[in-house]
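Some notes on the structure that comes next.
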Amino acid sequence: MAQVVLREVVKTYGNLYAVNHVSLTVEDGEFVALVGPSGCGKTTTLNLVAGLMPISGGDIYIGDTLVNDLDPKDRDIAMVFQNYALYPNKTVFQNLAFPLKMRKLAKPDIERKVMEAAKVLDIVHLLKRLPRELSGGQQQRVALGRALVRDPKVFLMDEPLSNLDAKLRVQMRSELKRFQRDLSATVIYVTHDQLEAVTMADKMAVMSGGVLQQYDSPAQVFDNPVNTFVASFVGSPAMSLVPLTAVTRGTDMSLQSPEGWNLSLSPANARKALSASSDKIVLGARHSTVRLHKQASPGAVPGKVYTVEPTGDITFVQVYLGAAVVVVSLEPSVAISPDEPVWIEFDQNKMHLFDGETTMALKAA
Ligand SMILES: Nc1ncnc2c1ncn2[C@@H]1O[C@H](COP(=O)(O)OP(=O)(O)O)[C@@H](O)[C@H]1O
Ligand SMILES: [Mg+2]
C-alpha cells in the first residue's frame, strides 16, 4: 500500500472551483473519509486521484510517484462505486478474475488470487452464482473483491454503501472497516453521510464548496470543529448555534440575546470572545452538554419548547431561544410538551464560541 499526497489541488469547470486548493496527506494504511454535502467536490477530488479527469492545478502523489499526468491504469489504484457495475453475464468468479485476465496473469495465479479475495470477503460459496442471484450486500462484496484482487496501492471508494438498505449499510460499514484494517489498506472513501465517516475513518476531510474545511480524526473534528460549518455538519443531531452579541460591563463579559437575556461568560470564555473580530459571537452547544430546567434557574436562559421527539432511549427536545433553536436530550421519563416555558443552562466548559463575522472557532487570545 502507499501514501497519497494532494498538494494545492484545483479542478475548475469554467468559473466554478469544484476543488479549490485542497492539500492533504493520506498516510500508508490509513482510512480517510472525504465528507461533505452534495456538490461539495468529493467525487471530483476522488476522480482526480484516480486520474479519470485532468487536474487544473496542483500535484498528486501516490507513493513517491507524481501521478498528475499518468493514466488511471498506470496509477495502481482500484475503485469501488455506488453502483457495483458487475458484469451481469459473468459468474462471481469470472467477475473477480476479469481484471487479472486483462493483466494477462497465469491461470493458477488468477485462481489463487480470486480464492484469497473470496475468503477475505466471505463469498467463496457464491463464486458460481451470477450477480442477479446475489443480495445487494453480496453484490457490494463482490465489487470490493474485484478491487481487492488487483492488490492496488490505494482503494478509492465513492459512496459504496449508498444503495444498500439502512440495516445492511450498518453491517457493511463494520465489515469494510474490518477488511481495511486486516489488509492495512490505504483507503480514500467518499460519503455524504457524516456518521459513516465518523464511525469508519481514521481521519475525515470535511469539504464545503470545493474547500477543505478541516482534516483531522473524527474525535478532534467532533470536539473542536474549526468553524460553524463543520460544527453543524458533524454530529447528529447537529450542534445548536445561537447568534448573540458580546457585552462588557466592567470586568464582566456576557452574551446578550436580541430578546434581552444575558449569559455571563467564564473568564476563559470571555478571553475567547475578546479575540473575535467584532461583538458578534455564535454560541455552539451539543445536545448532551445542555441542561433543561422547568423553573427559572441561576445562569439559565429562558426559552420555549418547540418539538419533542422520543427516539426510545433518548428524547430530543427542540427549544426556541428567541429565533435560534437549541436541541436538548432528556431521559424519556421526563414529562414535557410543546409550548412549555423552559430554562436552558449551557456548560461553560463545553460550549463552543465562534466569530460571528468569520464563522471561525474562537481561541483564547
Ligand atoms: N463535468 C462537470 N461539469 C461541470 N460541473 C461539474 C462537473 N462535475 C461536477 N461538477 C460540479 O462540481 C461540483 C462538485 O461536484 P462533485 O465532486 O460531484 O460533488 P460531490 O461528489 O461532493 O457531490 C458541483 O458543483 C458539480 O455541479
Ligand atoms: Mg459525489
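Residue numbering restarts at 1 in every chain; chains get A, B, ... in the order shown in the C-alpha cells, and ligands count up from 1 in that same order.
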Exercise. For ligand 2, collect every residue having any atom at a distance of at most 7 Å from a ligand atom (counting only C-alpha atoms and all ligand atoms); output as a list in words.
Key: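 So the residues close to ligand 2 are Ser38, Gly39, Lys42, Thr43 and Asp158 of chain A.
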Would you save the residues of that selection, restricted to all heavy atoms, as an mmCIF file, in the first residue's frame?
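result_30.cif, written as the output of this step:
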data_model
loop_
_atom_site.group_PDB
_atom_site.id
_atom_site.type_symbol
_atom_site.label_atom_id
_atom_site.label_comp_id
_atom_site.auth_asym_id
_atom_site.auth_seq_id
_atom_site.Cartn_x
_atom_site.Cartn_y
_atom_site.Cartn_z
ATOM 1 N N SER A 38 -23.822 17.297 -0.653
ATOM 2 C CA SER A 38 -23.843 17.055 -2.081
ATOM 3 C C SER A 38 -23.291 18.273 -2.835
ATOM 4 O O SER A 38 -23.625 19.407 -2.516
ATOM 5 C CB SER A 38 -25.282 16.774 -2.499
ATOM 6 O OG SER A 38 -25.333 16.567 -3.869
ATOM 7 N N GLY A 39 -22.423 18.027 -3.805
ATOM 8 C CA GLY A 39 -21.892 19.105 -4.635
ATOM 9 C C GLY A 39 -20.664 19.798 -4.065
ATOM 10 O O GLY A 39 -20.170 20.761 -4.642
ATOM 11 N N LYS A 42 -16.450 16.169 -3.467
ATOM 12 C CA LYS A 42 -15.870 14.899 -3.024
ATOM 13 C C LYS A 42 -15.527 13.984 -4.197
ATOM 14 O O LYS A 42 -14.403 13.494 -4.317
ATOM 15 C CB LYS A 42 -16.852 14.158 -2.098
ATOM 16 C CG LYS A 42 -17.361 14.969 -0.936
ATOM 17 C CD LYS A 42 -18.360 14.181 -0.095
ATOM 18 C CE LYS A 42 -19.644 13.806 -0.797
ATOM 19 N NZ LYS A 42 -20.551 14.944 -1.063
ATOM 20 N N THR A 43 -16.533 13.764 -5.059
ATOM 21 C CA THR A 43 -16.319 12.854 -6.185
ATOM 22 C C THR A 43 -15.239 13.394 -7.109
ATOM 23 O O THR A 43 -14.377 12.645 -7.592
ATOM 24 C CB THR A 43 -17.641 12.645 -6.954
ATOM 25 O OG1 THR A 43 -18.544 11.943 -6.107
ATOM 26 C CG2 THR A 43 -17.432 11.855 -8.233
ATOM 27 N N ASP A 158 -16.354 5.497 -3.778
ATOM 28 C CA ASP A 158 -17.295 6.607 -3.873
ATOM 29 C C ASP A 158 -18.685 6.151 -3.448
ATOM 30 O O ASP A 158 -19.367 5.462 -4.206
ATOM 31 C CB ASP A 158 -17.329 7.159 -5.304
ATOM 32 C CG ASP A 158 -18.019 8.522 -5.370
ATOM 33 O OD1 ASP A 158 -18.637 8.922 -4.371
ATOM 34 O OD2 ASP A 158 -17.928 9.167 -6.423
#
Quiz item: So which residues touch stretch 188-204 of chain A within 9 Å, counting only C-alpha atoms, skipping near sequence neighbours fewer than 5 positions away, as a ChimeraX atom specification?
Solution: /A:26,30-38,42-43,46,154-162,170,173-174,176-177,214-219,221-222,233-236
Go ahead and save the residues from that selection, with N, CA and C atoms, as an mmCIF file, in the first residue's frame.
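In the end it all went to result.cif:
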data_model
loop_
_atom_site.group_PDB
_atom_site.id
_atom_site.type_symbol
_atom_site.label_atom_id
_atom_site.label_comp_id
_atom_site.auth_asym_id
_atom_site.auth_seq_id
_atom_site.Cartn_x
_atom_site.Cartn_y
_atom_site.Cartn_z
ATOM 1 N N VAL A 26 -2.746 11.384 2.954
ATOM 2 C CA VAL A 26 -3.316 10.131 3.456
ATOM 3 C C VAL A 26 -2.140 9.209 3.706
ATOM 4 N N GLU A 30 -3.926 4.140 6.011
ATOM 5 C CA GLU A 30 -4.943 4.943 6.676
ATOM 6 C C GLU A 30 -6.274 4.899 5.914
ATOM 7 N N PHE A 31 -7.357 5.019 6.655
ATOM 8 C CA PHE A 31 -8.700 5.103 6.082
ATOM 9 C C PHE A 31 -9.156 6.543 6.227
ATOM 10 N N VAL A 32 -9.250 7.246 5.102
ATOM 11 C CA VAL A 32 -9.634 8.655 5.137
ATOM 12 C C VAL A 32 -10.985 8.827 4.456
ATOM 13 N N ALA A 33 -11.903 9.496 5.122
ATOM 14 C CA ALA A 33 -13.212 9.777 4.535
ATOM 15 C C ALA A 33 -13.240 11.206 4.028
ATOM 16 N N LEU A 34 -13.637 11.372 2.764
ATOM 17 C CA LEU A 34 -13.949 12.698 2.232
ATOM 18 C C LEU A 34 -15.438 12.881 2.444
ATOM 19 N N VAL A 35 -15.793 13.893 3.224
ATOM 20 C CA VAL A 35 -17.197 14.008 3.611
ATOM 21 C C VAL A 35 -17.652 15.451 3.457
ATOM 22 N N GLY A 36 -18.936 15.614 3.147
ATOM 23 C CA GLY A 36 -19.496 16.946 2.965
ATOM 24 C C GLY A 36 -20.810 16.821 2.214
ATOM 25 N N PRO A 37 -21.572 17.911 2.155
ATOM 26 C CA PRO A 37 -22.872 17.853 1.486
ATOM 27 C C PRO A 37 -22.730 17.652 -0.015
ATOM 28 N N SER A 38 -23.822 17.297 -0.653
ATOM 29 C CA SER A 38 -23.843 17.055 -2.081
ATOM 30 C C SER A 38 -23.291 18.273 -2.835
ATOM 31 N N LYS A 42 -16.450 16.169 -3.467
ATOM 32 C CA LYS A 42 -15.870 14.899 -3.024
ATOM 33 C C LYS A 42 -15.527 13.984 -4.197
ATOM 34 N N THR A 43 -16.533 13.764 -5.059
ATOM 35 C CA THR A 43 -16.319 12.854 -6.185
ATOM 36 C C THR A 43 -15.239 13.394 -7.109
ATOM 37 N N LEU A 46 -11.880 12.664 -5.665
ATOM 38 C CA LEU A 46 -11.539 11.244 -5.809
ATOM 39 C C LEU A 46 -11.159 10.924 -7.256
ATOM 40 N N VAL A 154 -3.788 1.834 -3.587
ATOM 41 C CA VAL A 154 -4.828 2.612 -2.900
ATOM 42 C C VAL A 154 -6.212 2.157 -3.355
ATOM 43 N N PHE A 155 -7.134 2.059 -2.397
ATOM 44 C CA PHE A 155 -8.537 1.850 -2.745
ATOM 45 C C PHE A 155 -9.249 3.199 -2.745
ATOM 46 N N LEU A 156 -9.991 3.461 -3.821
ATOM 47 C CA LEU A 156 -10.786 4.685 -3.898
ATOM 48 C C LEU A 156 -12.252 4.265 -3.935
ATOM 49 N N MET A 157 -13.039 4.751 -2.985
ATOM 50 C CA MET A 157 -14.431 4.309 -2.899
ATOM 51 C C MET A 157 -15.358 5.512 -2.878
ATOM 52 N N ASP A 158 -16.354 5.497 -3.778
ATOM 53 C CA ASP A 158 -17.295 6.607 -3.873
ATOM 54 C C ASP A 158 -18.685 6.151 -3.448
ATOM 55 N N GLU A 159 -19.070 6.497 -2.242
ATOM 56 C CA GLU A 159 -20.379 6.159 -1.674
ATOM 57 C C GLU A 159 -20.732 4.687 -1.916
ATOM 58 N N PRO A 160 -19.836 3.756 -1.576
ATOM 59 C CA PRO A 160 -20.066 2.357 -1.971
ATOM 60 C C PRO A 160 -21.251 1.708 -1.262
ATOM 61 N N LEU A 161 -21.722 2.300 -0.174
ATOM 62 C CA LEU A 161 -22.811 1.649 0.569
ATOM 63 C C LEU A 161 -24.161 2.336 0.366
ATOM 64 N N SER A 162 -24.176 3.382 -0.460
ATOM 65 C CA SER A 162 -25.392 4.201 -0.561
ATOM 66 C C SER A 162 -26.607 3.460 -1.112
ATOM 67 N N VAL A 170 -25.216 -0.510 7.789
ATOM 68 C CA VAL A 170 -24.535 -0.516 9.088
ATOM 69 C C VAL A 170 -23.642 -1.743 9.198
ATOM 70 N N ARG A 173 -20.659 -1.452 6.863
ATOM 71 C CA ARG A 173 -19.749 -0.459 7.413
ATOM 72 C C ARG A 173 -18.702 -1.139 8.290
ATOM 73 N N SER A 174 -19.160 -1.999 9.191
ATOM 74 C CA SER A 174 -18.209 -2.688 10.073
ATOM 75 C C SER A 174 -17.333 -3.643 9.276
ATOM 76 N N LEU A 176 -16.448 -3.508 6.119
ATOM 77 C CA LEU A 176 -15.495 -2.769 5.294
ATOM 78 C C LEU A 176 -14.327 -2.267 6.137
ATOM 79 N N LYS A 177 -14.659 -1.796 7.327
ATOM 80 C CA LYS A 177 -13.643 -1.284 8.234
ATOM 81 C C LYS A 177 -12.697 -2.423 8.647
ATOM 82 N N GLN A 214 -11.700 21.076 7.286
ATOM 83 C CA GLN A 214 -10.966 20.519 8.423
ATOM 84 C C GLN A 214 -10.538 19.113 8.073
ATOM 85 N N TYR A 215 -9.326 18.745 8.490
ATOM 86 C CA TYR A 215 -8.793 17.408 8.222
ATOM 87 C C TYR A 215 -8.186 16.891 9.508
ATOM 88 N N ASP A 216 -8.895 15.951 10.135
ATOM 89 C CA ASP A 216 -8.489 15.535 11.471
ATOM 90 C C ASP A 216 -9.165 14.222 11.829
ATOM 91 N N SER A 217 -8.837 13.674 13.006
ATOM 92 C CA SER A 217 -9.526 12.478 13.462
ATOM 93 C C SER A 217 -10.987 12.849 13.732
ATOM 94 N N PRO A 218 -11.898 11.847 13.614
ATOM 95 C CA PRO A 218 -13.306 12.146 13.907
ATOM 96 C C PRO A 218 -13.486 12.754 15.304
ATOM 97 N N ALA A 219 -12.738 12.276 16.277
ATOM 98 C CA ALA A 219 -12.882 12.802 17.641
ATOM 99 C C ALA A 219 -12.495 14.279 17.695
ATOM 100 N N VAL A 221 -12.493 16.418 15.163
ATOM 101 C CA VAL A 221 -13.465 17.199 14.392
ATOM 102 C C VAL A 221 -14.728 17.413 15.229
ATOM 103 N N PHE A 222 -15.113 16.370 15.951
ATOM 104 C CA PHE A 222 -16.321 16.459 16.775
ATOM 105 C C PHE A 222 -16.100 17.396 17.965
ATOM 106 N N PHE A 233 -22.238 20.362 10.625
ATOM 107 C CA PHE A 233 -22.287 19.207 9.714
ATOM 108 C C PHE A 233 -21.995 17.895 10.438
ATOM 109 N N VAL A 234 -21.082 17.917 11.391
ATOM 110 C CA VAL A 234 -20.644 16.685 12.046
ATOM 111 C C VAL A 234 -21.343 16.531 13.389
ATOM 112 N N GLY A 235 -22.003 15.395 13.570
ATOM 113 C CA GLY A 235 -22.753 15.143 14.795
ATOM 114 C C GLY A 235 -24.235 15.145 14.483
ATOM 115 N N SER A 236 -24.966 14.246 15.115
ATOM 116 C CA SER A 236 -26.401 14.171 14.877
ATOM 117 C C SER A 236 -27.115 13.887 16.202
#
Quiz item: Pick from A:Arg112, A:Pro99, A:Val206, A:Lys73: nearest to ligand 1, with only C-alpha atoms and all ligand atoms counted?
Solution: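 Distance minimum relative to ligand 1 lands on A:Val206.
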So that I can see what lies close to stretch 278-284 of chain A, please list as a compact mmCIF listing (two decimals) with all heavy atoms, in the first residue's frame the residues with an atom at most 8 Å from it, counting only C-alpha atoms and leaving out residues fewer than 5 positions away in the same chain.
# COMPACT_ATOMS: atom_id res chain seq x y z
N ALA A 231 -19.10 22.50 12.57
CA ALA A 231 -19.85 22.27 13.81
C ALA A 231 -21.25 21.77 13.51
O ALA A 231 -21.77 20.88 14.19
CB ALA A 231 -19.92 23.57 14.61
N MET A 239 -24.93 20.29 16.19
CA MET A 239 -24.67 21.24 17.26
C MET A 239 -25.62 22.44 17.11
O MET A 239 -25.82 22.94 16.00
CB MET A 239 -23.21 21.73 17.17
CG MET A 239 -22.84 22.68 18.30
SD MET A 239 -21.18 23.41 18.08
CE MET A 239 -20.11 22.04 18.49
N SER A 240 -26.19 22.89 18.22
CA SER A 240 -27.05 24.08 18.16
C SER A 240 -26.17 25.31 18.10
O SER A 240 -25.14 25.39 18.77
CB SER A 240 -27.92 24.15 19.41
OG SER A 240 -28.64 22.96 19.56
N LEU A 241 -26.57 26.29 17.29
CA LEU A 241 -25.81 27.52 17.12
C LEU A 241 -26.72 28.71 17.42
O LEU A 241 -27.80 28.84 16.83
CB LEU A 241 -25.27 27.62 15.69
CG LEU A 241 -24.27 26.53 15.28
CD1 LEU A 241 -23.96 26.62 13.78
CD2 LEU A 241 -22.98 26.60 16.09
N VAL A 242 -26.30 29.55 18.35
CA VAL A 242 -27.12 30.69 18.78
C VAL A 242 -26.34 31.98 18.55
O VAL A 242 -25.33 32.22 19.21
CB VAL A 242 -27.47 30.56 20.29
CG1 VAL A 242 -28.45 31.66 20.70
CG2 VAL A 242 -28.04 29.18 20.61
N PRO A 243 -26.80 32.84 17.61
CA PRO A 243 -26.11 34.10 17.36
C PRO A 243 -26.40 35.10 18.48
O PRO A 243 -27.56 35.34 18.81
CB PRO A 243 -26.72 34.61 16.03
CG PRO A 243 -27.61 33.52 15.54
CD PRO A 243 -27.94 32.65 16.69
N LEU A 244 -25.35 35.69 19.07
CA LEU A 244 -25.50 36.59 20.21
C LEU A 244 -24.54 37.78 20.06
O LEU A 244 -23.74 37.81 19.12
CB LEU A 244 -25.20 35.83 21.52
CG LEU A 244 -26.15 34.66 21.82
CD1 LEU A 244 -25.59 33.78 22.91
CD2 LEU A 244 -27.54 35.17 22.20
N THR A 245 -24.65 38.72 21.00
CA THR A 245 -23.79 39.90 20.98
C THR A 245 -23.00 39.98 22.28
O THR A 245 -23.58 39.86 23.37
CB THR A 245 -24.64 41.18 20.84
OG1 THR A 245 -25.48 41.03 19.70
CG2 THR A 245 -23.77 42.41 20.65
N ALA A 246 -21.69 40.16 22.17
CA ALA A 246 -20.86 40.27 23.37
C ALA A 246 -21.02 41.66 23.98
O ALA A 246 -21.00 42.66 23.28
CB ALA A 246 -19.40 40.02 23.02
N VAL A 247 -21.19 41.68 25.31
CA VAL A 247 -21.36 42.94 26.04
C VAL A 247 -20.40 42.93 27.21
O VAL A 247 -20.31 41.93 27.93
CB VAL A 247 -22.81 43.08 26.57
CG1 VAL A 247 -22.98 44.40 27.32
CG2 VAL A 247 -23.81 42.95 25.44
N LEU A 255 -22.93 37.40 27.03
CA LEU A 255 -23.51 37.33 25.69
C LEU A 255 -24.98 37.70 25.81
O LEU A 255 -25.69 37.16 26.66
CB LEU A 255 -23.36 35.92 25.11
CG LEU A 255 -21.94 35.43 24.91
CD1 LEU A 255 -21.93 34.01 24.37
CD2 LEU A 255 -21.17 36.36 23.96
N ALA A 273 -14.02 35.26 23.61
CA ALA A 273 -14.93 36.23 22.98
C ALA A 273 -14.18 37.52 22.64
O ALA A 273 -14.47 38.16 21.63
CB ALA A 273 -16.11 36.52 23.91
N MET A 351 -19.09 24.57 26.08
CA MET A 351 -19.67 25.36 24.99
C MET A 351 -18.59 25.77 23.99
O MET A 351 -17.40 25.81 24.30
CB MET A 351 -20.40 26.61 25.54
CG MET A 351 -19.48 27.63 26.18
SD MET A 351 -20.34 29.19 26.52
CE MET A 351 -21.58 28.74 27.71
N HIS A 352 -19.03 26.01 22.77
CA HIS A 352 -18.13 26.48 21.71
C HIS A 352 -18.48 27.93 21.40
O HIS A 352 -19.65 28.30 21.45
CB HIS A 352 -18.31 25.64 20.45
CG HIS A 352 -17.98 24.21 20.64
ND1 HIS A 352 -16.83 23.63 20.16
CD2 HIS A 352 -18.64 23.22 21.29
CE1 HIS A 352 -16.80 22.35 20.48
NE2 HIS A 352 -17.90 22.07 21.18
N LEU A 353 -17.47 28.72 21.10
CA LEU A 353 -17.73 30.09 20.69
C LEU A 353 -17.11 30.31 19.31
O LEU A 353 -15.97 29.92 19.06
CB LEU A 353 -17.13 31.08 21.70
CG LEU A 353 -17.71 31.04 23.12
CD1 LEU A 353 -17.00 32.04 24.02
CD2 LEU A 353 -19.22 31.32 23.10
N PHE A 354 -17.91 30.90 18.41
CA PHE A 354 -17.45 31.17 17.04
C PHE A 354 -17.55 32.65 16.77
O PHE A 354 -18.43 33.35 17.30
CB PHE A 354 -18.31 30.40 16.04
CG PHE A 354 -18.28 28.91 16.23
CD1 PHE A 354 -19.26 28.28 17.00
CD2 PHE A 354 -17.28 28.14 15.66
CE1 PHE A 354 -19.24 26.90 17.19
CE2 PHE A 354 -17.25 26.76 15.84
CZ PHE A 354 -18.24 26.14 16.61
N ASP A 355 -16.65 33.12 15.91
CA ASP A 355 -16.67 34.51 15.46
C ASP A 355 -17.88 34.70 14.55
O ASP A 355 -18.01 34.02 13.52
CB ASP A 355 -15.36 34.77 14.69
CG ASP A 355 -15.17 36.24 14.35
OD1 ASP A 355 -16.13 36.86 13.87
OD2 ASP A 355 -14.05 36.74 14.54
N GLY A 356 -18.77 35.62 14.92
CA GLY A 356 -19.98 35.84 14.15
C GLY A 356 -19.72 36.38 12.75
O GLY A 356 -20.56 36.22 11.86
N GLU A 357 -18.57 36.98 12.53
CA GLU A 357 -18.25 37.51 11.20
C GLU A 357 -17.56 36.46 10.33
O GLU A 357 -17.97 36.22 9.21
CB GLU A 357 -17.31 38.74 11.31
CG GLU A 357 -17.89 39.91 12.07
CD GLU A 357 -18.93 40.69 11.25
OE1 GLU A 357 -19.06 40.45 10.03
OE2 GLU A 357 -19.61 41.54 11.85
N THR A 359 -17.05 33.14 11.08
CA THR A 359 -17.56 31.79 11.41
C THR A 359 -16.49 30.87 12.02
O THR A 359 -16.78 29.71 12.31
CB THR A 359 -18.19 31.05 10.19
OG1 THR A 359 -17.16 30.49 9.37
CG2 THR A 359 -19.12 31.95 9.38
Quiz prompt | Residue nearest ligand 1 - candidates A:Lys153, A:Met207, A:Met1, A:Tyr61, atoms counted: only C-alpha atoms and all ligand atoms | solution =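 The closest residue to ligand 1 is A:Met207.
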Quiz item: Can you list, as a ChimeraX atom specification, every residue of stretch 81-316 of chain A that DSSP puts in helix (DSSP H, G or I)?
Solution: /A:92-102,107-121,124-126,131-133,136-148,166-183,194-200,218-223,228-233,267-274,287-289
Shell of 10 Å around stretch 322-336 of chain A, only C-alpha atoms, local chain residues under 5 positions omitted, as a compact mmCIF listing (two decimals) with C-alpha atoms, in the first residue's frame:
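Final output, out09.txt:
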# COMPACT_ATOMS: atom_id res chain seq x y z
CA PRO A 237 -28.47 15.96 15.98
CA ALA A 238 -26.37 18.89 14.83
CA MET A 239 -24.67 21.24 17.26
CA SER A 240 -27.05 24.08 18.16
CA LEU A 241 -25.81 27.52 17.12
CA VAL A 242 -27.12 30.69 18.78
CA PRO A 243 -26.11 34.10 17.36
CA LEU A 244 -25.50 36.59 20.21
CA SER A 257 -29.70 37.93 23.04
CA PRO A 258 -31.94 40.13 20.92
CA GLU A 259 -34.70 39.35 23.46
CA GLY A 260 -32.60 40.87 26.21
CA TRP A 261 -31.38 37.98 28.32
CA GLY A 284 -22.43 26.45 19.95
CA ALA A 285 -23.63 23.60 22.15
CA ARG A 286 -24.11 19.88 21.64
CA HIS A 287 -27.35 18.43 22.98
CA SER A 288 -25.62 16.32 25.61
CA THR A 289 -24.00 19.38 27.23
CA VAL A 290 -27.19 21.41 27.65
CA ARG A 291 -29.45 21.17 30.72
CA LEU A 292 -33.13 21.92 30.66
CA LYS A 294 -38.63 23.66 34.23
CA PRO A 302 -35.49 31.44 29.05
CA GLY A 303 -36.93 29.59 26.07
CA LYS A 304 -39.97 27.73 24.85
CA VAL A 305 -40.33 24.10 23.81
CA TYR A 306 -40.98 23.68 20.10
CA THR A 307 -40.95 19.93 19.41
CA VAL A 308 -40.49 16.78 21.48
CA GLU A 309 -39.02 13.77 19.65
CA PRO A 310 -38.85 10.49 21.56
CA THR A 311 -36.37 8.05 19.96
CA GLY A 312 -36.61 5.24 22.52
CA ASP A 313 -33.72 5.64 24.92
CA ILE A 314 -33.32 9.42 24.47
CA THR A 315 -35.88 12.13 23.86
CA PHE A 316 -34.71 15.12 21.82
CA VAL A 317 -36.37 18.42 22.61
CA PRO A 341 -41.70 27.62 29.02
CA VAL A 342 -38.28 26.22 29.99
CA ILE A 344 -31.67 26.38 29.27
Exercise. Using only C-alpha atoms, determine which residues lie at most 9 Å from A:Leu148, disregarding the query and same-chain residues fewer than 4 positions distant; provide the list as a PyMOL selection string.
Key: chain A and resi 78+96+114+117+143-144+152+155
Just write the chosen residues, C-alpha atoms, as a CSV table (one decimal), in the first residue's frame.
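Saved file result.csv follows:
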chain,number,residue,atom,x,y,z
A,78,ALA,CA,-8.7,0.3,-7.5
A,96,LEU,CA,-13.3,-11.3,-9.8
A,114,VAL,CA,-9.6,-14.9,-6.6
A,117,ALA,CA,-10.1,-12.3,-2.0
A,143,ALA,CA,-17.4,-5.3,-6.2
A,144,LEU,CA,-15.0,-5.0,-3.2
A,152,PRO,CA,-3.6,-1.9,-5.6
A,155,PHE,CA,-8.5,1.8,-2.7
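Candidate residues A:Leu24, A:Val226, A:Val5, A:Leu48 were compared for distance to ligand 1, and the nearest is A:Leu48, using only C-alpha atoms and all ligand atoms.
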Quiz prompt | Distance criterion (only C-alpha atoms): nearest to A:Arg75 out of A:Leu105, A:Lys11, A:Asn269, A:Ala2 | solution =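 That would be A:Ala2, the residue with the smallest distance to A:Arg75.
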Quiz item: Hey, what does DSSP flag as strand (DSSP E) within stretch 30-75 of chain A? Can you give it to me as a PyMOL selection string?
Solution: chain A and resi 31-35+57-62+65-66
Quiz prompt | Shortest interatomic distance to ligand 1 - which of A:Asp59, A:Ala18, A:Thr91, A:Val4, counting only C-alpha atoms and all ligand atoms | solution = A:Ala18
Quiz item: So how far away is atom 5 (N, counted along the ligand's line) of ligand 1 from atom CA of A:Gly14, in Å?
Solution: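 Computed distance, atom CA of A:Gly14 to atom 5 (N, counted along the ligand's line) of ligand 1, equals 8.1 Å.
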Exercise. Identify which of the residues A:Lys101, A:Thr44, A:Met53, A:Pro108 lies closest to ligand 1, counting only C-alpha atoms and all ligand atoms when measuring atom-to-atom distances.
Key: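 Ranking A:Lys101, A:Thr44, A:Met53, A:Pro108 by distance to ligand 1, first place goes to A:Thr44.
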Exercise. May I ask for the distance between atom CA of A:Leu265 and atom CA of A:Gln348, given in Å to one decimal place?
Key: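 Taking atom CA of A:Leu265 as the start and atom CA of A:Gln348 as the end point, the length is 7.2 Å.
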Quiz item: What's the 12 Å shell around A:Leu16, counting only C-alpha atoms, without same-chain residues fewer than 3 positions away, as number ranges by chain?
Solution: A: 10-13, 19-20, 39-41, 56, 209-211
Please produce a file of those selected residues containing all heavy atoms, as a short mmCIF file (atom, residue, chain, number, x, y, z; two decimals), in the first residue's frame.
data_model
loop_
_atom_site.label_atom_id
_atom_site.label_comp_id
_atom_site.auth_asym_id
_atom_site.auth_seq_id
_atom_site.Cartn_x
_atom_site.Cartn_y
_atom_site.Cartn_z
N VAL A 10 -6.42 21.67 -7.58
CA VAL A 10 -7.50 22.52 -8.10
C VAL A 10 -8.16 21.80 -9.27
O VAL A 10 -7.49 21.17 -10.09
CB VAL A 10 -6.95 23.87 -8.60
CG1 VAL A 10 -8.04 24.67 -9.31
CG2 VAL A 10 -6.36 24.68 -7.44
N LYS A 11 -9.51 21.88 -9.31
CA LYS A 11 -10.23 21.47 -10.51
C LYS A 11 -11.30 22.51 -10.79
O LYS A 11 -12.15 22.78 -9.93
CB LYS A 11 -10.88 20.10 -10.32
CG LYS A 11 -11.71 19.64 -11.50
CD LYS A 11 -10.84 19.36 -12.72
CE LYS A 11 -11.66 19.03 -13.95
NZ LYS A 11 -10.80 18.75 -15.12
N THR A 12 -11.24 23.12 -11.96
CA THR A 12 -12.25 24.11 -12.31
C THR A 12 -13.09 23.60 -13.47
O THR A 12 -12.60 22.86 -14.33
CB THR A 12 -11.59 25.45 -12.74
OG1 THR A 12 -10.63 25.18 -13.76
CG2 THR A 12 -10.91 26.14 -11.57
N TYR A 13 -14.36 23.97 -13.46
CA TYR A 13 -15.24 23.82 -14.62
C TYR A 13 -15.65 25.23 -14.99
O TYR A 13 -16.49 25.81 -14.31
CB TYR A 13 -16.48 23.00 -14.28
CG TYR A 13 -16.20 21.57 -13.91
CD1 TYR A 13 -16.37 21.12 -12.61
CD2 TYR A 13 -15.78 20.66 -14.88
CE1 TYR A 13 -16.14 19.80 -12.28
CE2 TYR A 13 -15.54 19.33 -14.55
CZ TYR A 13 -15.72 18.91 -13.25
OH TYR A 13 -15.48 17.61 -12.93
N VAL A 19 -12.95 21.89 -6.98
CA VAL A 19 -11.96 21.56 -5.94
C VAL A 19 -11.01 22.76 -5.87
O VAL A 19 -10.42 23.14 -6.87
CB VAL A 19 -11.18 20.28 -6.29
CG1 VAL A 19 -10.14 19.97 -5.22
CG2 VAL A 19 -12.14 19.09 -6.46
N ASN A 20 -10.92 23.35 -4.68
CA ASN A 20 -10.27 24.64 -4.54
C ASN A 20 -9.04 24.55 -3.63
O ASN A 20 -9.16 24.64 -2.40
CB ASN A 20 -11.29 25.65 -3.99
CG ASN A 20 -10.84 27.08 -4.17
OD1 ASN A 20 -9.66 27.34 -4.41
ND2 ASN A 20 -11.78 28.00 -4.03
N GLY A 39 -22.42 18.03 -3.80
CA GLY A 39 -21.89 19.10 -4.63
C GLY A 39 -20.66 19.80 -4.06
O GLY A 39 -20.17 20.76 -4.64
N CYS A 40 -20.12 19.29 -2.95
CA CYS A 40 -19.00 20.00 -2.30
C CYS A 40 -17.65 19.64 -2.92
O CYS A 40 -16.63 20.23 -2.57
CB CYS A 40 -18.98 19.73 -0.80
SG CYS A 40 -18.43 18.08 -0.37
N GLY A 41 -17.63 18.67 -3.84
CA GLY A 41 -16.38 18.36 -4.54
C GLY A 41 -15.72 17.04 -4.16
O GLY A 41 -14.58 16.79 -4.55
N SER A 56 -6.60 20.70 -12.84
CA SER A 56 -6.39 22.08 -13.31
C SER A 56 -5.18 22.72 -12.66
O SER A 56 -4.63 23.70 -13.18
CB SER A 56 -7.62 22.95 -13.03
OG SER A 56 -8.80 22.35 -13.47
N GLY A 209 -18.11 23.56 -0.57
CA GLY A 209 -17.84 24.46 -1.69
C GLY A 209 -16.46 24.25 -2.31
O GLY A 209 -15.81 25.23 -2.71
N GLY A 210 -15.98 23.02 -2.38
CA GLY A 210 -14.69 22.74 -3.00
C GLY A 210 -13.50 22.98 -2.10
O GLY A 210 -12.37 22.67 -2.45
N VAL A 211 -13.77 23.53 -0.90
CA VAL A 211 -12.68 23.89 0.02
C VAL A 211 -12.63 22.89 1.17
O VAL A 211 -13.66 22.54 1.76
CB VAL A 211 -12.88 25.31 0.58
CG1 VAL A 211 -11.81 25.66 1.59
CG2 VAL A 211 -12.90 26.33 -0.56
#
